[in-house]
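Asker: Structure supplied as input-v9.csv; contents: CSV, C-alpha atoms and all ligand atoms.
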chain,number,residue,atom,x,y,z
A,1,MET,CA,-24.1,-67.7,-8.2
A,2,ASP,CA,-27.4,-66.8,-9.8
A,3,THR,CA,-26.8,-63.7,-12.0
A,4,ASP,CA,-30.1,-63.7,-13.9
A,5,PHE,CA,-31.4,-60.8,-12.0
A,6,TYR,CA,-28.3,-58.7,-12.8
A,7,THR,CA,-28.3,-56.8,-16.1
A,8,PRO,CA,-25.4,-54.5,-16.6
A,9,MET,CA,-26.5,-51.0,-17.6
A,10,ARG,CA,-24.5,-48.6,-19.8
A,11,LEU,CA,-25.1,-45.0,-18.9
A,12,ASP,CA,-24.6,-43.9,-22.5
A,13,GLU,CA,-27.5,-46.1,-23.6
A,14,VAL,CA,-30.0,-44.8,-21.0
A,15,GLU,CA,-32.6,-42.3,-22.4
A,16,SER,CA,-33.0,-39.4,-20.0
A,17,PRO,CA,-35.4,-36.7,-21.0
A,18,LEU,CA,-34.3,-34.8,-17.8
A,19,GLN,CA,-30.7,-34.8,-19.1
A,20,ASP,CA,-31.9,-33.3,-22.4
A,21,GLU,CA,-33.9,-30.7,-20.6
A,22,VAL,CA,-31.1,-29.7,-18.2
A,23,GLU,CA,-28.5,-29.5,-21.0
A,24,LYS,CA,-30.8,-27.4,-23.2
A,25,ALA,CA,-31.9,-25.1,-20.4
A,26,LEU,CA,-28.4,-24.5,-18.9
A,27,GLY,CA,-26.0,-25.2,-21.8
A,28,ILE,CA,-24.2,-27.8,-19.7
A,29,ASP,CA,-22.9,-31.0,-21.3
A,30,ILE,CA,-23.6,-33.7,-18.7
A,31,GLU,CA,-21.9,-36.4,-20.8
A,32,THR,CA,-18.5,-34.8,-20.0
A,33,CYS,CA,-18.8,-36.1,-16.4
A,34,MET,CA,-16.0,-38.6,-15.8
A,35,GLU,CA,-17.4,-39.8,-12.4
A,36,CYS,CA,-14.1,-38.8,-10.8
A,37,GLY,CA,-15.9,-37.7,-7.6
A,38,LYS,CA,-13.8,-34.5,-7.1
A,39,CYS,CA,-17.0,-32.5,-6.8
A,40,SER,CA,-18.2,-34.7,-3.9
A,41,GLY,CA,-14.8,-34.7,-2.3
A,42,GLY,CA,-14.8,-30.9,-2.2
A,43,CYS,CA,-18.4,-30.2,-1.4
A,44,SER,CA,-18.8,-28.2,1.8
A,45,ASN,CA,-22.1,-30.0,2.7
A,46,ALA,CA,-21.7,-33.5,1.2
A,47,HIS,CA,-21.6,-34.9,4.7
A,48,ILE,CA,-25.3,-34.1,5.1
A,49,PHE,CA,-26.4,-34.7,1.5
A,50,ASP,CA,-28.6,-37.7,0.8
A,51,PHE,CA,-27.1,-37.7,-2.7
A,52,THR,CA,-23.6,-36.3,-3.2
A,53,PRO,CA,-23.0,-34.0,-6.2
A,54,ARG,CA,-21.4,-36.8,-8.2
A,55,LYS,CA,-24.5,-38.9,-7.6
A,56,VAL,CA,-26.8,-35.9,-8.6
A,57,VAL,CA,-25.0,-35.8,-12.0
A,58,GLN,CA,-25.4,-39.6,-12.4
A,59,LEU,CA,-29.1,-39.5,-11.4
A,60,ILE,CA,-29.6,-36.9,-14.2
A,61,ARG,CA,-28.0,-39.3,-16.6
A,62,LEU,CA,-30.4,-42.0,-15.4
A,63,GLY,CA,-33.4,-39.7,-15.7
A,64,ALA,CA,-34.3,-40.2,-12.1
A,65,GLU,CA,-36.5,-37.1,-12.0
A,66,GLU,CA,-38.7,-38.0,-9.0
A,67,THR,CA,-35.6,-38.8,-6.8
A,68,LEU,CA,-33.9,-35.6,-7.8
A,69,LEU,CA,-36.9,-33.4,-7.2
A,70,THR,CA,-37.6,-34.8,-3.7
A,71,MET,CA,-34.0,-35.2,-2.4
A,72,ASP,CA,-33.0,-33.3,0.6
A,73,ALA,CA,-29.7,-32.2,-1.0
A,74,LEU,CA,-31.6,-29.7,-3.1
A,75,TRP,CA,-32.3,-27.6,0.0
A,76,VAL,CA,-28.9,-27.8,1.7
A,77,CYS,CA,-26.7,-27.0,-1.2
A,78,LEU,CA,-25.1,-23.7,-0.4
A,79,SER,CA,-24.3,-22.6,-4.0
A,80,CYS,CA,-20.8,-22.2,-2.7
A,81,GLN,CA,-19.2,-23.2,-6.1
A,82,LEU,CA,-16.5,-25.4,-4.6
A,83,CYS,CA,-17.7,-28.3,-6.7
A,84,VAL,CA,-17.4,-26.2,-9.9
A,85,ASP,CA,-13.9,-25.2,-9.0
A,86,ARG,CA,-12.8,-28.8,-8.6
A,87,CYS,CA,-14.6,-30.3,-11.6
A,88,PRO,CA,-12.2,-31.1,-14.4
A,89,SER,CA,-15.1,-30.8,-16.8
A,90,GLY,CA,-16.4,-27.5,-15.4
A,91,ILE,CA,-19.9,-28.9,-14.7
A,92,ASP,CA,-21.8,-26.2,-12.9
A,93,ILE,CA,-23.6,-28.3,-10.3
A,94,PRO,CA,-25.0,-25.2,-8.3
A,95,ARG,CA,-26.8,-24.1,-11.5
A,96,ILE,CA,-28.1,-27.6,-11.9
A,97,MET,CA,-29.3,-27.5,-8.2
A,98,ASP,CA,-31.0,-24.1,-8.8
A,99,TYR,CA,-32.7,-25.4,-11.9
A,100,LEU,CA,-33.9,-28.5,-10.0
A,101,ARG,CA,-35.1,-26.4,-7.1
A,102,GLU,CA,-37.2,-24.2,-9.3
A,103,LYS,CA,-38.6,-27.2,-11.2
A,104,ALA,CA,-39.5,-28.9,-7.9
A,105,LEU,CA,-41.4,-25.9,-6.7
A,106,ARG,CA,-43.1,-25.3,-10.0
A,107,GLU,CA,-44.3,-28.8,-10.2
A,108,GLY,CA,-45.6,-28.8,-6.6
A,109,TYR,CA,-43.1,-31.1,-4.9
A,110,ARG,CA,-43.1,-30.5,-1.1
A,111,PRO,CA,-39.6,-29.4,-0.1
A,112,SER,CA,-38.0,-31.4,2.6
A,113,ARG,CA,-36.9,-28.2,4.3
A,114,PRO,CA,-39.8,-25.6,4.1
A,115,ALA,CA,-37.9,-23.1,6.2
A,116,VAL,CA,-35.3,-22.8,3.4
A,117,VAL,CA,-38.0,-22.0,0.9
A,118,LEU,CA,-39.6,-19.5,3.3
A,119,PHE,CA,-36.3,-17.7,3.9
A,120,TYR,CA,-35.7,-17.5,0.1
A,121,GLU,CA,-39.2,-16.1,-0.5
A,122,LEU,CA,-38.9,-13.5,2.3
A,123,MET,CA,-35.6,-12.4,1.0
A,124,CYS,CA,-36.8,-12.1,-2.6
A,125,SER,CA,-39.9,-10.1,-1.5
A,126,CYS,CA,-37.5,-7.8,0.5
A,127,VAL,CA,-35.3,-7.2,-2.6
A,128,GLU,CA,-38.4,-6.7,-4.7
A,129,ARG,CA,-39.7,-3.9,-2.5
A,130,ARG,CA,-36.4,-2.1,-1.9
A,131,GLY,CA,-33.8,-3.5,-4.3
A,132,ARG,CA,-31.7,-4.8,-1.4
A,133,VAL,CA,-32.1,-6.9,1.7
A,134,SER,CA,-33.1,-5.3,5.1
A,135,GLU,CA,-31.5,-7.8,7.4
A,136,ALA,CA,-33.3,-6.9,10.7
A,137,PRO,CA,-36.9,-7.0,9.3
A,138,LEU,CA,-36.0,-10.2,7.3
A,139,MET,CA,-34.6,-12.0,10.4
A,140,LEU,CA,-37.6,-10.8,12.5
A,141,ARG,CA,-40.2,-12.0,10.0
A,142,PHE,CA,-38.4,-15.3,9.5
A,143,ASN,CA,-38.2,-16.0,13.2
A,144,VAL,CA,-41.8,-15.1,13.9
A,145,LEU,CA,-43.1,-17.1,10.9
A,146,THR,CA,-41.1,-20.2,12.1
A,147,GLY,CA,-42.2,-19.7,15.7
A,148,GLN,CA,-38.6,-18.9,17.0
A,149,TYR,CA,-39.6,-15.7,18.6
A,150,LEU,CA,-36.5,-15.1,20.7
A,151,LYS,CA,-33.9,-16.6,18.3
A,152,ASP,CA,-31.0,-14.3,17.7
A,153,LEU,CA,-32.6,-11.6,19.9
A,154,THR,CA,-29.5,-11.0,22.1
A,155,LEU,CA,-27.2,-11.1,19.1
A,156,GLY,CA,-29.5,-8.8,17.2
A,157,ILE,CA,-29.6,-6.2,20.0
A,158,ARG,CA,-25.9,-6.2,20.3
A,159,MET,CA,-25.4,-5.8,16.6
A,160,PHE,CA,-28.0,-3.0,16.5
A,161,LEU,CA,-26.3,-1.1,19.4
A,162,LYS,CA,-23.0,-1.3,17.5
A,163,GLY,CA,-24.7,0.1,14.4
A,164,LYS,CA,-24.2,-3.2,12.5
A,165,LEU,CA,-27.9,-4.0,12.0
A,166,PRO,CA,-29.9,-1.0,10.6
A,167,LEU,CA,-33.7,-1.4,11.0
A,168,THR,CA,-34.3,-0.5,7.3
A,169,ALA,CA,-32.2,-0.4,4.2
A,170,GLY,CA,-32.6,2.5,1.8
A,171,LYS,CA,-34.1,1.8,-1.7
A,172,VAL,CA,-31.9,1.5,-4.7
A,173,LYS,CA,-32.4,4.2,-7.4
A,174,LYS,CA,-33.4,2.1,-10.4
A,175,MET,CA,-36.3,0.2,-8.8
A,176,ASP,CA,-38.0,-0.4,-12.2
A,177,GLU,CA,-35.0,-2.4,-13.3
A,178,VAL,CA,-35.1,-4.5,-10.1
A,179,ARG,CA,-38.8,-5.2,-10.6
A,180,THR,CA,-38.4,-6.6,-14.1
A,181,LEU,CA,-36.2,-9.3,-12.5
A,182,PHE,CA,-39.2,-10.5,-10.5
A,183,VAL,CA,-41.6,-11.0,-13.4
A,184,SER,CA,-40.7,-14.6,-14.0
A,185,TRP,CA,-40.5,-15.2,-10.3
A,186,HIS,CA,-44.1,-14.2,-9.9
A,187,ARG,CA,-45.1,-16.3,-12.9
A,188,ARG,CA,-43.6,-19.3,-11.1
A,189,SER,CA,-45.4,-18.4,-7.9
A,190,VAL,CA,-48.8,-18.1,-9.7
A,191,LYS,CA,-48.3,-21.5,-11.3
A,192,ARG,CA,-47.5,-23.0,-7.9
A,193,GLY,CA,-50.8,-21.5,-6.6
B,1,LIG,S1,-22.4,-25.6,-4.6
B,1,LIG,FE1,-23.6,-27.1,-3.5
B,1,LIG,S2,-23.0,-29.1,-4.4
B,1,LIG,FE2,-21.5,-27.6,-4.9
B,1,LIG,S3,-19.9,-27.8,-3.3
B,1,LIG,FE3,-21.3,-26.1,-2.7
B,1,LIG,S4,-22.8,-27.2,-1.4
B,1,LIG,FE4,-21.8,-28.8,-2.5
B,2,LIG,S1,-16.1,-33.4,-10.5
B,2,LIG,FE1,-17.1,-33.1,-12.5
B,2,LIG,S2,-16.4,-34.8,-13.8
B,2,LIG,FE2,-15.9,-35.4,-11.6
B,2,LIG,S3,-17.8,-36.5,-10.9
B,2,LIG,FE3,-18.1,-34.4,-10.4
B,2,LIG,S4,-19.3,-33.6,-12.0
B,2,LIG,FE4,-18.4,-35.5,-12.8
How would this structure read if it were set down as structure tokens?
Ligand code: SF4
Ligand code: SF4
Answerer:
Amino acid sequence: MDTDFYTPMRLDEVESPLQDEVEKALGIDIETCMECGKCSGGCSNAHIFDFTPRKVVQLIRLGAEETLLTMDALWVCLSCQLCVDRCPSGIDIPRIMDYLREKALREGYRPSRPAVVLFYELMCSCVERRGRVSEAPLMLRFNVLTGQYLKDLTLGIRMFLKGKLPLTAGKVKKMDEVRTLFVSWHRRSVKRG
């Protein structure tokens, strides 16, 4: 068998600027990953991920930045924390996913699921205005902007009639504190243009 094309690779010898960046930003030691796969085994959405959580960690070690910033898994991770609970090294994969999502948006990568980004931005703007989410206007705006005009209408009316879906949510008292949380979010949006 011709094995000339095959050069074994040692992960600990690969230089990964992305790994250094993630470790520095989040204080997570990626090198403690044992590749046991418990994170992938417990992940609630691994069946629809293009790269499982274990592979995400390995891709960081390989410095595969472009692959990570364009993968679909970024936009279907639920931040449910199941992978963290199972990881023997306590590697916080949802935080890594959050970091990669922010980085992908900041650097102008087109998300594979724009509706997820739209929902996130509508929810954030709702919180910025009132300090909490107003579910009915949020659902309405999202459905209109994604062209799903009648989606959830019957359910929404039933919930409204039972008093489970108020049309507005009151403002929280310390709105100035809430607004300070959004300063960096706006900086990121301005950069994205
Ligand atoms: S936080 Fe994301 S990666 Fe972790 S188990 Fe949940 S869906 Fe999977
Ligand atoms: S559970 Fe933790 S140690 Fe195991 S593969 Fe996943 S990230 Fe690595």
Asker: What is the CA of Glu35 in chain A to CA of Leu62 in chain A distance in Å?
Answerer: 13.5 Å
Asker: Kindly compile the residues surrounding ligand LIG 1 (chain B) within 9 Å, counting all atoms listed in the file, and format them as a VMD selection string.
Answerer: chain A and resid 39 to 46 49 52 to 54 56 73 to 74 76 to 86 92 to 95 97
Asker: Kindly export the residues of the current selection with C-alpha atoms, as a CSV table (one decimal), in the coordinates of the input.
Answerer:
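In the end it all went to again_31.csv:
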chain,number,residue,atom,x,y,z
A,39,CYS,CA,-17.0,-32.5,-6.8
A,40,SER,CA,-18.2,-34.7,-3.9
A,41,GLY,CA,-14.8,-34.7,-2.3
A,42,GLY,CA,-14.8,-30.9,-2.2
A,43,CYS,CA,-18.4,-30.2,-1.4
A,44,SER,CA,-18.8,-28.2,1.8
A,45,ASN,CA,-22.1,-30.0,2.7
A,46,ALA,CA,-21.7,-33.5,1.2
A,49,PHE,CA,-26.4,-34.7,1.5
A,52,THR,CA,-23.6,-36.3,-3.2
A,53,PRO,CA,-23.0,-34.0,-6.2
A,54,ARG,CA,-21.4,-36.8,-8.2
A,56,VAL,CA,-26.8,-35.9,-8.6
A,73,ALA,CA,-29.7,-32.2,-1.0
A,74,LEU,CA,-31.6,-29.7,-3.1
A,76,VAL,CA,-28.9,-27.8,1.7
A,77,CYS,CA,-26.7,-27.0,-1.2
A,78,LEU,CA,-25.1,-23.7,-0.4
A,79,SER,CA,-24.3,-22.6,-4.0
A,80,CYS,CA,-20.8,-22.2,-2.7
A,81,GLN,CA,-19.2,-23.2,-6.1
A,82,LEU,CA,-16.5,-25.4,-4.6
A,83,CYS,CA,-17.7,-28.3,-6.7
A,84,VAL,CA,-17.4,-26.2,-9.9
A,85,ASP,CA,-13.9,-25.2,-9.0
A,86,ARG,CA,-12.8,-28.8,-8.6
A,92,ASP,CA,-21.8,-26.2,-12.9
A,93,ILE,CA,-23.6,-28.3,-10.3
A,94,PRO,CA,-25.0,-25.2,-8.3
A,95,ARG,CA,-26.8,-24.1,-11.5
A,97,MET,CA,-29.3,-27.5,-8.2
Asker: Just want the 8 Å neighbourhood of Glu65 in chain A, counted on all atoms listed in the file, with same-chain residues fewer than 5 positions away dropped. Output as a ChimeraX atom specification.
Answerer: /A:18,59-60
Asker: Which value, in Å to one decimal, gives the distance between CA of Arg10 in chain A and CA of Met34 in chain A?
Answerer: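 According to the coordinates, CA of Arg10 in chain A and CA of Met34 in chain A are separated by 13.7 Å.
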Asker: Tell me which of A:Cys126, A:Ile96, A:Val22, A:Ile28 sits closest to Arg179 in chain A, counting all atoms listed in the file.
Answerer: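 Looking at the shortest contact to Arg179 in chain A, the residue is A:Cys126.
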Asker: Rounded to one decimal place, report the CA of Ser125 in chain A-CA of Gly156 in chain A distance in Å.
Answerer: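 Interatomic distance here is 21.4 Å.
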Asker: Which residue out of A:Glu177, A:Glu107, A:Glu135, A:Glu31 has the minimum interatomic distance to Asp12 in chain A when only C-alpha atoms are used?
Answerer: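 With only C-alpha atoms as the atom set, the closest residue is A:Glu31.
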Asker: Between A:Ala169, A:Val57, A:Leu26, A:Leu11, which has the minimum distance to ligand LIG 2 (chain B) (counting all atoms listed in the file)?
Answerer: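 The shortest atom-to-atom distance to ligand LIG 2 (chain B) comes from A:Val57.
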Asker: Can you list, as a list of chain:residue names, every protein, DNA or RNA residue that comes within 9 Å of range 141-146 of chain A when you count all atoms listed in the file, leaving out same-chain residues fewer than 3 positions away?
Answerer: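 My reading of the contact set: A:Ala115, A:Leu118, A:Phe119, A:Leu122, A:Ala136, A:Pro137, A:Leu138, A:Tyr149, A:Leu150, A:Lys151, A:Asp152.
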Asker: So for ligand LIG 2 (chain B), what box centre and size do we get, axis-aligned, 6 Å extra on each of the six sides, every listed atom, Å to one decimal, as AutoDock Vina command-line options?
Answerer:
--center_x -17.6 --center_y -34.8 --center_z -12.1 --size_x 15.4 --size_y 15.4 --size_z 15.4
Asker: So which one's closest to Lys38 in chain A, A:Ser134, A:Glu15, A:Arg61, A:Lys55? Using all atoms listed in the file, please.
Answerer: A:Lys55
Asker: Taking all atoms listed in the file into account, which of A:Thr67, A:Thr7, A:Gln148, A:Thr32 comes nearest ligand LIG 2 (chain B)?
Answerer: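 Selected residue with least distance to ligand LIG 2 (chain B): A:Thr32.
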Asker: I'd like to know which of A:Val127, A:Val183, A:Cys87, A:Met71 is closest to ligand LIG 2 (chain B), using all atoms listed in the file.
Answerer: A:Cys87
